[in-house]
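Taking it in order: structure first as structure tokens, then the write-up.
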Amino acid sequence: MAALDICVVGLGYIGLPTASLLATRGHRVHGVDVSQRVVDTINRGEIHITEPDLDVLVRAAVASGNLKAALQPREADVFILAVPTPHHADYRPDITYVEASAVAVASYVRPDSLVILESTSPVGTTERVAELLMEHNPSLRGADGKPKCAVAHCPERVLPGRILYELVENHRIVGGLDARSTDRAVEFYRGVIKGDVHPTDARTAEMCKLVENSFRDVNIAFANELSIVCHKLGMNVRELIKLANRHPRVNILSPGPGVGGHCLAVDPWFVVWAAPDEARLIRTAREVNDSKVDWVVDRVREKAARFKNPVIACLGLTYKQDIDDLRESPSLEITKKLRAEFADGVLAVEPNVKDFPAFPLTSLDEALRRADIVVALVPHKEVLRIDSERLKEKIVIDACGAFK
Ligand SMILES: NC(=O)c1ccc[n+]([C@@H]2O[C@H](COP(=O)([O-])OP(=O)(O)OC[C@H]3O[C@@H](n4cnc5c(N)ncnc54)[C@H](O)[C@@H]3O)[C@@H](O)[C@H]2O)c1
């Protein structure tokens, strides 16, 4: 593929690796972010997020002269929008970042440009992007009222911790607003990644990503519900699941303290919002997973009742093991709720986070020394390595299967 001018909008966990990868492949990449700190950090060849090997890639991309960051977009052959898509407090999708990024690039888009939305998006968002591009740049509106530029959606499916590998190796779903847009976007990705590129339409591509995450959420909810049922029946849920999984067509996942992160805990709500009366299972799964937080807090409260001044060690605050990401973390939520009740009797341990302003962190060693109750919330490698001798005199609540 000939070298292209590419404008990547949103330089976070998705945009920055994507921009750096494209720059090291010889494309001229103009990265855009609303944060001056992010722009300055990247232009120094440094990174503002944690991801293995990303520092090396960004340094190489910036040193090659092919990656520059700025606050404002500029004209390009390809635009990639990779901005956040959270939900509002009432679970309605919040696509204001996508809308703002579409408005920001509109006047720099040419009729021969390709605009790709990579953010995880509710169905219809790619159409909304096209509308905004035409509204803010009327030269993009064709005689048929449709955009002259190509507009497509290509959801990102990478796993934090493996982003650089998965960015290249994963299959991608590409859906354009029309066949021409799909073809342009498919050609672009085939020139960049090793995984297969699967063409479809924009709405199916949007739904595909939401369904993938809903599938995971529903399956985790099944395991979480089983853990609650088994507790009531006095059974060991992990032994039960191990035995059930000996069936050739059964594969139950592991229960945990809930579901966190900005994907699985968020994206299923976009489906529920689109079809509230129909998406009953998906909604219930969200509710089951969210309810695990209070359920774990109740278990701790029961055990704490026998102590006058219980000391409770909460091991892990992030939303999954061996990362520093606290977004939507059920473990953090549990720890906050316990601190609201037991104040400094709760010792929070999180080896992956250095600066944590909300409350003091305690070292694992000190927490194990002082605690009456040990609550395992995240199976970080440090937690898995705990010598069982150190837990002998403690009450252990293993919410994440660390000590199974
Ligand atoms: N992080 C992941 O593992 C992952 C995986 C798959 C999909 N996604 C999806 O990718 C999208 C981006 O997620 P992320 O994790 O990279 O988010 P992020 O928060 O890490 O980064 C987003 C960046 O966009 C910037 N930004 C916000 N509004 C902007 C605007 N109008 N113009 C320019 N920059 C703007 C922010 O300052 C931030 O640096 C989301 O839709 C997310 O659901 C993320």
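Naming scheme: A, B, ... for chains in displayed order of the structure tokens; residues 1 onward per chain; ligands 1 onward as shown.
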Item to complete: Would you kindly return, as a VMD selection string, each protein, DNA or RNA residue with an atom no farther than 10 Å from any atom of Val293 in chain A, considering only C-alpha atoms and excluding same-chain residues fewer than 4 positions away?
Response: chain A and resid 256 to 259 288 to 289 297 to 298 329 to 335 337 399
Discussion item. For the strand (DSSP E or B) assignment from backbone DSSP, which residues of range 156-377 of chain A qualify? Please present them as a ChimeraX atom specification.
Written reply: /A:172-176,197-201,312-315,346-349,361,373-376
Output the selection as a CSV table (one decimal), in the first residue's frame - N, CA and C atoms for each residue.
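Resulting contents of result.csv:
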```
chain,number,residue,atom,x,y,z
A,172,ARG,N,-10.9,-8.6,11.7
A,172,ARG,CA,-11.7,-7.4,11.8
A,172,ARG,C,-13.0,-7.4,11.0
A,173,ILE,N,-14.0,-6.8,11.6
A,173,ILE,CA,-15.3,-6.7,10.9
A,173,ILE,C,-15.4,-5.3,10.4
A,174,VAL,N,-15.6,-5.1,9.1
A,174,VAL,CA,-15.7,-3.8,8.5
A,174,VAL,C,-17.0,-3.6,7.8
A,175,GLY,N,-17.7,-2.6,8.2
A,175,GLY,CA,-19.0,-2.3,7.6
A,175,GLY,C,-19.1,-0.9,7.2
A,176,GLY,N,-19.3,-0.7,5.9
A,176,GLY,CA,-19.5,0.7,5.3
A,176,GLY,C,-20.9,1.1,5.3
A,197,VAL,N,-10.1,-9.9,7.2
A,197,VAL,CA,-11.0,-8.7,7.2
A,197,VAL,C,-12.4,-9.1,6.6
A,198,HIS,N,-13.4,-9.0,7.4
A,198,HIS,CA,-14.7,-9.5,7.0
A,198,HIS,C,-15.7,-8.4,6.7
A,199,PRO,N,-16.1,-8.2,5.5
A,199,PRO,CA,-17.0,-7.1,5.1
A,199,PRO,C,-18.4,-7.3,5.5
A,200,THR,N,-19.1,-6.3,5.9
A,200,THR,CA,-20.5,-6.3,6.2
A,200,THR,C,-21.1,-4.8,6.0
A,201,ASP,N,-22.2,-4.6,6.6
A,201,ASP,CA,-22.7,-3.2,6.5
A,201,ASP,C,-22.4,-2.5,7.9
A,312,ILE,N,-9.8,-5.8,57.9
A,312,ILE,CA,-10.2,-6.5,56.6
A,312,ILE,C,-9.2,-6.2,55.5
A,313,ALA,N,-8.5,-7.1,55.0
A,313,ALA,CA,-7.6,-6.9,53.8
A,313,ALA,C,-8.3,-7.1,52.5
A,314,CYS,N,-8.4,-6.1,51.7
A,314,CYS,CA,-9.0,-6.3,50.3
A,314,CYS,C,-7.8,-6.4,49.3
A,315,LEU,N,-7.7,-7.6,48.7
A,315,LEU,CA,-6.5,-7.8,47.8
A,315,LEU,C,-6.9,-7.6,46.4
A,346,VAL,N,-10.3,-1.3,57.0
A,346,VAL,CA,-10.1,-1.9,55.7
A,346,VAL,C,-8.7,-1.5,55.1
A,347,LEU,N,-7.9,-2.5,54.8
A,347,LEU,CA,-6.6,-2.3,54.2
A,347,LEU,C,-6.7,-2.7,52.8
A,348,ALA,N,-6.4,-1.7,51.9
A,348,ALA,CA,-6.5,-1.9,50.5
A,348,ALA,C,-5.2,-2.2,49.9
A,349,VAL,N,-5.1,-3.3,49.2
A,349,VAL,CA,-3.8,-3.7,48.5
A,349,VAL,C,-3.9,-3.7,47.0
A,361,LEU,N,-3.1,3.1,50.3
A,361,LEU,CA,-2.9,1.6,50.0
A,361,LEU,C,-1.9,1.0,51.0
A,373,ILE,N,-9.6,-10.7,58.5
A,373,ILE,CA,-10.3,-11.2,57.3
A,373,ILE,C,-9.6,-10.9,56.0
A,374,VAL,N,-9.3,-11.8,55.2
A,374,VAL,CA,-8.6,-11.6,53.9
A,374,VAL,C,-9.7,-11.8,52.8
A,375,VAL,N,-9.9,-10.7,52.0
A,375,VAL,CA,-10.8,-10.8,50.9
A,375,VAL,C,-10.0,-10.8,49.6
A,376,ALA,N,-10.0,-11.9,48.9
A,376,ALA,CA,-9.3,-11.9,47.6
A,376,ALA,C,-10.2,-11.4,46.5
```
Can you write out as JSON lines which residues of chain A fall within 8 Å of ligand 1, alongside each residue's closest atom pair and its distance in Å to one decimal, counting only C-alpha atoms and all ligand atoms and ordering rows by chain and ascending residue number?
```
{"residue": "A:Val9", "atom": "CA", "partner": "ligand 1", "partner_atom_place_in_ligand_line": "33 (C)", "distance": 4.9}
{"residue": "A:Gly10", "atom": "CA", "partner": "ligand 1", "partner_atom_place_in_ligand_line": "24 (O)", "distance": 3.3}
{"residue": "A:Leu11", "atom": "CA", "partner": "ligand 1", "partner_atom_place_in_ligand_line": "39 (O)", "distance": 4.7}
{"residue": "A:Gly12", "atom": "CA", "partner": "ligand 1", "partner_atom_place_in_ligand_line": "21 (O)", "distance": 3.2}
{"residue": "A:Tyr13", "atom": "CA", "partner": "ligand 1", "partner_atom_place_in_ligand_line": "16 (O)", "distance": 3.7}
{"residue": "A:Ile14", "atom": "CA", "partner": "ligand 1", "partner_atom_place_in_ligand_line": "16 (O)", "distance": 3.8}
{"residue": "A:Gly15", "atom": "CA", "partner": "ligand 1", "partner_atom_place_in_ligand_line": "16 (O)", "distance": 5.6}
{"residue": "A:Leu16", "atom": "CA", "partner": "ligand 1", "partner_atom_place_in_ligand_line": "16 (O)", "distance": 7.6}
{"residue": "A:Val32", "atom": "CA", "partner": "ligand 1", "partner_atom_place_in_ligand_line": "33 (C)", "distance": 5.4}
{"residue": "A:Asp33", "atom": "CA", "partner": "ligand 1", "partner_atom_place_in_ligand_line": "34 (N)", "distance": 3.6}
{"residue": "A:Val34", "atom": "CA", "partner": "ligand 1", "partner_atom_place_in_ligand_line": "34 (N)", "distance": 4.5}
{"residue": "A:Ser35", "atom": "CA", "partner": "ligand 1", "partner_atom_place_in_ligand_line": "37 (O)", "distance": 5.0}
{"residue": "A:Val38", "atom": "CA", "partner": "ligand 1", "partner_atom_place_in_ligand_line": "39 (O)", "distance": 6.5}
{"residue": "A:Ile49", "atom": "CA", "partner": "ligand 1", "partner_atom_place_in_ligand_line": "20 (O)", "distance": 7.6}
{"residue": "A:Leu71", "atom": "CA", "partner": "ligand 1", "partner_atom_place_in_ligand_line": "33 (C)", "distance": 7.4}
{"residue": "A:Ala82", "atom": "CA", "partner": "ligand 1", "partner_atom_place_in_ligand_line": "12 (C)", "distance": 4.8}
{"residue": "A:Val83", "atom": "CA", "partner": "ligand 1", "partner_atom_place_in_ligand_line": "24 (O)", "distance": 4.2}
{"residue": "A:Pro84", "atom": "CA", "partner": "ligand 1", "partner_atom_place_in_ligand_line": "40 (C)", "distance": 4.1}
{"residue": "A:Thr85", "atom": "CA", "partner": "ligand 1", "partner_atom_place_in_ligand_line": "41 (O)", "distance": 4.4}
{"residue": "A:Pro86", "atom": "CA", "partner": "ligand 1", "partner_atom_place_in_ligand_line": "43 (O)", "distance": 7.1}
{"residue": "A:Tyr97", "atom": "CA", "partner": "ligand 1", "partner_atom_place_in_ligand_line": "28 (N)", "distance": 4.8}
{"residue": "A:Val98", "atom": "CA", "partner": "ligand 1", "partner_atom_place_in_ligand_line": "31 (N)", "distance": 6.6}
{"residue": "A:Glu99", "atom": "CA", "partner": "ligand 1", "partner_atom_place_in_ligand_line": "31 (N)", "distance": 7.5}
{"residue": "A:Ala100", "atom": "CA", "partner": "ligand 1", "partner_atom_place_in_ligand_line": "31 (N)", "distance": 4.6}
{"residue": "A:Ser101", "atom": "CA", "partner": "ligand 1", "partner_atom_place_in_ligand_line": "31 (N)", "distance": 4.1}
{"residue": "A:Ala102", "atom": "CA", "partner": "ligand 1", "partner_atom_place_in_ligand_line": "31 (N)", "distance": 7.9}
{"residue": "A:Ala104", "atom": "CA", "partner": "ligand 1", "partner_atom_place_in_ligand_line": "31 (N)", "distance": 7.1}
{"residue": "A:Glu118", "atom": "CA", "partner": "ligand 1", "partner_atom_place_in_ligand_line": "10 (O)", "distance": 6.4}
{"residue": "A:Ser119", "atom": "CA", "partner": "ligand 1", "partner_atom_place_in_ligand_line": "41 (O)", "distance": 3.4}
{"residue": "A:Thr120", "atom": "CA", "partner": "ligand 1", "partner_atom_place_in_ligand_line": "41 (O)", "distance": 3.9}
{"residue": "A:Ser121", "atom": "CA", "partner": "ligand 1", "partner_atom_place_in_ligand_line": "41 (O)", "distance": 6.4}
{"residue": "A:Pro155", "atom": "CA", "partner": "ligand 1", "partner_atom_place_in_ligand_line": "7 (C)", "distance": 6.6}
{"residue": "A:Glu156", "atom": "CA", "partner": "ligand 1", "partner_atom_place_in_ligand_line": "6 (C)", "distance": 4.6}
{"residue": "A:Arg157", "atom": "CA", "partner": "ligand 1", "partner_atom_place_in_ligand_line": "6 (C)", "distance": 4.5}
{"residue": "A:Val158", "atom": "CA", "partner": "ligand 1", "partner_atom_place_in_ligand_line": "5 (C)", "distance": 5.1}
{"residue": "A:Leu159", "atom": "CA", "partner": "ligand 1", "partner_atom_place_in_ligand_line": "3 (O)", "distance": 5.3}
{"residue": "A:Pro160", "atom": "CA", "partner": "ligand 1", "partner_atom_place_in_ligand_line": "3 (O)", "distance": 4.9}
{"residue": "A:Ile163", "atom": "CA", "partner": "ligand 1", "partner_atom_place_in_ligand_line": "3 (O)", "distance": 7.5}
{"residue": "A:His262", "atom": "CA", "partner": "ligand 1", "partner_atom_place_in_ligand_line": "43 (O)", "distance": 6.3}
{"residue": "A:Cys263", "atom": "CA", "partner": "ligand 1", "partner_atom_place_in_ligand_line": "43 (O)", "distance": 5.5}
{"residue": "A:Asp267", "atom": "CA", "partner": "ligand 1", "partner_atom_place_in_ligand_line": "43 (O)", "distance": 7.6}
```
Write a file of the selected residues as a PDB file, in the first residue's frame, keeping C-alpha atoms.
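Final output, out-v2.pdb:
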```
ATOM      1  CA  VAL A   9      -8.536  11.181  16.535  1.00  0.00           C
ATOM      2  CA  GLY A  10      -8.338  10.108  20.207  1.00  0.00           C
ATOM      3  CA  LEU A  11      -4.915   8.904  21.343  1.00  0.00           C
ATOM      4  CA  GLY A  12      -5.804   6.524  24.177  1.00  0.00           C
ATOM      5  CA  TYR A  13      -5.554   2.740  24.538  1.00  0.00           C
ATOM      6  CA  ILE A  14      -6.853   2.235  20.988  1.00  0.00           C
ATOM      7  CA  GLY A  15      -5.857   5.362  19.060  1.00  0.00           C
ATOM      8  CA  LEU A  16      -2.245   5.586  20.208  1.00  0.00           C
ATOM      9  CA  VAL A  32      -5.250  14.348  17.500  1.00  0.00           C
ATOM     10  CA  ASP A  33      -6.286  14.544  21.128  1.00  0.00           C
ATOM     11  CA  VAL A  34      -8.177  17.125  23.174  1.00  0.00           C
ATOM     12  CA  SER A  35      -5.678  16.748  26.011  1.00  0.00           C
ATOM     13  CA  VAL A  38      -1.419  13.672  25.941  1.00  0.00           C
ATOM     14  CA  ILE A  49      -0.992   4.814  29.319  1.00  0.00           C
ATOM     15  CA  LEU A  71      -4.855  19.418  19.253  1.00  0.00           C
ATOM     16  CA  ALA A  82     -11.078   6.261  18.384  1.00  0.00           C
ATOM     17  CA  VAL A  83     -12.692   8.332  21.135  1.00  0.00           C
ATOM     18  CA  PRO A  84     -14.539   7.092  24.249  1.00  0.00           C
ATOM     19  CA  THR A  85     -18.148   5.846  24.151  1.00  0.00           C
ATOM     20  CA  PRO A  86     -19.352   5.588  27.763  1.00  0.00           C
ATOM     21  CA  TYR A  97     -17.269  12.262  22.086  1.00  0.00           C
ATOM     22  CA  VAL A  98     -17.899  10.614  18.709  1.00  0.00           C
ATOM     23  CA  GLU A  99     -20.077  13.512  17.618  1.00  0.00           C
ATOM     24  CA  ALA A 100     -17.450  16.049  18.730  1.00  0.00           C
ATOM     25  CA  SER A 101     -14.697  14.207  16.857  1.00  0.00           C
ATOM     26  CA  ALA A 102     -16.814  14.026  13.666  1.00  0.00           C
ATOM     27  CA  ALA A 104     -13.794  18.449  14.530  1.00  0.00           C
ATOM     28  CA  GLU A 118     -13.387   2.514  15.487  1.00  0.00           C
ATOM     29  CA  SER A 119     -15.072   3.399  18.797  1.00  0.00           C
ATOM     30  CA  THR A 120     -17.491   0.786  20.142  1.00  0.00           C
ATOM     31  CA  SER A 121     -20.779   2.333  19.085  1.00  0.00           C
ATOM     32  CA  PRO A 155     -14.887  -2.022  15.825  1.00  0.00           C
ATOM     33  CA  GLU A 156     -11.692  -2.684  17.761  1.00  0.00           C
ATOM     34  CA  ARG A 157     -11.476  -5.965  19.675  1.00  0.00           C
ATOM     35  CA  VAL A 158      -8.058  -5.889  21.316  1.00  0.00           C
ATOM     36  CA  LEU A 159      -7.395  -7.106  24.851  1.00  0.00           C
ATOM     37  CA  PRO A 160      -5.462  -4.736  27.137  1.00  0.00           C
ATOM     38  CA  ILE A 163      -2.927  -4.781  22.268  1.00  0.00           C
ATOM     39  CA  HIS A 262     -15.110   0.006  30.157  1.00  0.00           C
ATOM     40  CA  CYS A 263     -16.225  -2.688  27.645  1.00  0.00           C
ATOM     41  CA  ASP A 267     -21.481  -2.213  25.872  1.00  0.00           C
TER      42      ASP A 267
END
```
Worksheet item: Smallest atom-to-atom distance to Arg184 in chain A: which of A:Lys308, A:His153, A:His88, A:Arg246, using only C-alpha atoms?
Response: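 Once distances to Arg184 in chain A are computed over only C-alpha atoms, the minimum belongs to A:His153.
For the choices A:Ala61, A:Ala3, A:Ala305, A:Val123, the atom-to-atom distance to Met207 in chain A is smallest for A:Val123 when using only C-alpha atoms.
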Worksheet item: Mind checking DSSP for range 196-377 of chain A and telling me the alpha helix (DSSP H) residues as an MDAnalysis selection string?
Response: chainID A and resid 202:233 237:244 267:274 280:304 330:342 364:370
For Val272 in chain A, please output as an mmCIF file with N, CA and C atoms, in the first residue's frame all residues within 12 Å (counting only C-alpha atoms; exclusion window: fewer than 5 positions along the same chain).
```
data_model
loop_
_atom_site.group_PDB
_atom_site.id
_atom_site.type_symbol
_atom_site.label_atom_id
_atom_site.label_comp_id
_atom_site.auth_asym_id
_atom_site.auth_seq_id
_atom_site.Cartn_x
_atom_site.Cartn_y
_atom_site.Cartn_z
ATOM 1 N N HIS A 87 -21.505 5.300 28.888
ATOM 2 C CA HIS A 87 -22.964 5.486 28.956
ATOM 3 C C HIS A 87 -23.265 6.543 30.015
ATOM 4 N N ASP A 90 -28.068 6.886 33.457
ATOM 5 C CA ASP A 90 -29.257 6.041 33.267
ATOM 6 C C ASP A 90 -29.029 4.969 32.187
ATOM 7 N N TYR A 91 -27.755 4.723 31.846
ATOM 8 C CA TYR A 91 -27.325 3.676 30.895
ATOM 9 C C TYR A 91 -27.592 4.003 29.427
ATOM 10 N N ARG A 92 -28.091 5.196 29.138
ATOM 11 C CA ARG A 92 -28.209 5.610 27.727
ATOM 12 C C ARG A 92 -26.817 5.784 27.167
ATOM 13 N N PRO A 93 -26.548 5.352 25.916
ATOM 14 C CA PRO A 93 -25.204 5.549 25.360
ATOM 15 C C PRO A 93 -24.861 7.037 25.259
ATOM 16 N N PRO A 122 -23.164 2.386 19.590
ATOM 17 C CA PRO A 122 -24.536 1.913 19.429
ATOM 18 C C PRO A 122 -24.932 1.923 17.954
ATOM 19 N N VAL A 123 -25.877 1.051 17.616
ATOM 20 C CA VAL A 123 -26.301 0.932 16.215
ATOM 21 C C VAL A 123 -26.823 2.278 15.709
ATOM 22 N N MET A 207 -23.351 -3.695 15.679
ATOM 23 C CA MET A 207 -24.025 -4.684 16.527
ATOM 24 C C MET A 207 -23.089 -5.847 16.856
ATOM 25 N N LEU A 210 -21.071 -5.182 19.910
ATOM 26 C CA LEU A 210 -21.912 -5.162 21.114
ATOM 27 C C LEU A 210 -22.321 -6.580 21.518
ATOM 28 N N VAL A 211 -22.567 -7.397 20.506
ATOM 29 C CA VAL A 211 -22.989 -8.774 20.761
ATOM 30 C C VAL A 211 -21.830 -9.603 21.326
ATOM 31 N N SER A 214 -21.644 -8.672 24.894
ATOM 32 C CA SER A 214 -22.828 -9.150 25.620
ATOM 33 C C SER A 214 -22.719 -10.662 25.847
ATOM 34 N N VAL A 266 -20.182 -2.048 30.015
ATOM 35 C CA VAL A 266 -20.827 -0.889 29.376
ATOM 36 C C VAL A 266 -21.596 -1.291 28.114
ATOM 37 N N ASP A 267 -20.924 -1.998 27.211
ATOM 38 C CA ASP A 267 -21.481 -2.213 25.872
ATOM 39 C C ASP A 267 -22.828 -2.951 25.845
ATOM 40 N N ASP A 277 -37.383 -3.947 25.471
ATOM 41 C CA ASP A 277 -38.354 -5.006 25.789
ATOM 42 C C ASP A 277 -37.875 -6.379 25.336
ATOM 43 N N GLU A 278 -36.965 -6.376 24.382
ATOM 44 C CA GLU A 278 -36.525 -7.648 23.809
ATOM 45 C C GLU A 278 -35.245 -8.180 24.461
ATOM 46 N N ALA A 279 -34.336 -7.283 24.840
ATOM 47 C CA ALA A 279 -33.013 -7.738 25.323
ATOM 48 C C ALA A 279 -33.081 -8.068 26.819
ATOM 49 N N ARG A 280 -33.957 -9.014 27.170
ATOM 50 C CA ARG A 280 -34.210 -9.290 28.585
ATOM 51 C C ARG A 280 -33.049 -10.028 29.245
ATOM 52 N N LEU A 281 -32.499 -11.006 28.528
ATOM 53 C CA LEU A 281 -31.401 -11.800 29.079
ATOM 54 C C LEU A 281 -30.150 -10.929 29.274
ATOM 55 N N ILE A 282 -29.909 -10.071 28.308
ATOM 56 C CA ILE A 282 -28.713 -9.216 28.359
ATOM 57 C C ILE A 282 -28.831 -8.238 29.531
ATOM 58 N N ARG A 283 -30.024 -7.692 29.731
ATOM 59 C CA ARG A 283 -30.229 -6.784 30.872
ATOM 60 C C ARG A 283 -30.038 -7.536 32.197
ATOM 61 N N THR A 284 -30.648 -8.725 32.280
ATOM 62 C CA THR A 284 -30.559 -9.485 33.534
ATOM 63 C C THR A 284 -29.105 -9.849 33.841
ATOM 64 N N ALA A 285 -28.356 -10.199 32.804
ATOM 65 C CA ALA A 285 -26.941 -10.543 33.012
ATOM 66 C C ALA A 285 -26.194 -9.358 33.613
ATOM 67 N N ARG A 286 -26.463 -8.162 33.075
ATOM 68 C CA ARG A 286 -25.832 -6.944 33.621
ATOM 69 C C ARG A 286 -26.192 -6.791 35.098
ATOM 70 N N GLU A 287 -27.490 -7.024 35.399
ATOM 71 C CA GLU A 287 -27.947 -6.833 36.784
ATOM 72 C C GLU A 287 -27.323 -7.875 37.709
#
```
Item to complete: Tell me, as an MDAnalysis selection string, which residues lie within 9 Å of range 43-47 of chain A, counting only C-alpha atoms; anything in the same chain fewer than 6 positions away does not count.
Response: chainID A and resid 16 54:56 58:63 67:70
Worksheet item: Which residues come within 12 Å of Asp196 in chain A, counting only C-alpha atoms, excluding same-chain residues fewer than 6 positions away, as a ChimeraX atom specification?
Response: /A:167-174,186-187,189-190
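For the residues A:Val300, A:Ala343, A:Val311, A:Cys230, ranking by smallest atom-to-atom distance to Ile397 in chain A using only C-alpha atoms places A:Val300 first.
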Worksheet item: To one decimal place, how far is CA of Ser254 in chain A from CA of Ala223 in chain A in Å?
Response: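 Calculated distance between CA of Ser254 in chain A and CA of Ala223 in chain A is 5.9 Å.
Nearest residue to Glu51 in chain A, choosing from A:Arg162, A:Arg128, A:Lys354, A:Arg301 and counting only C-alpha atoms: A:Arg162.
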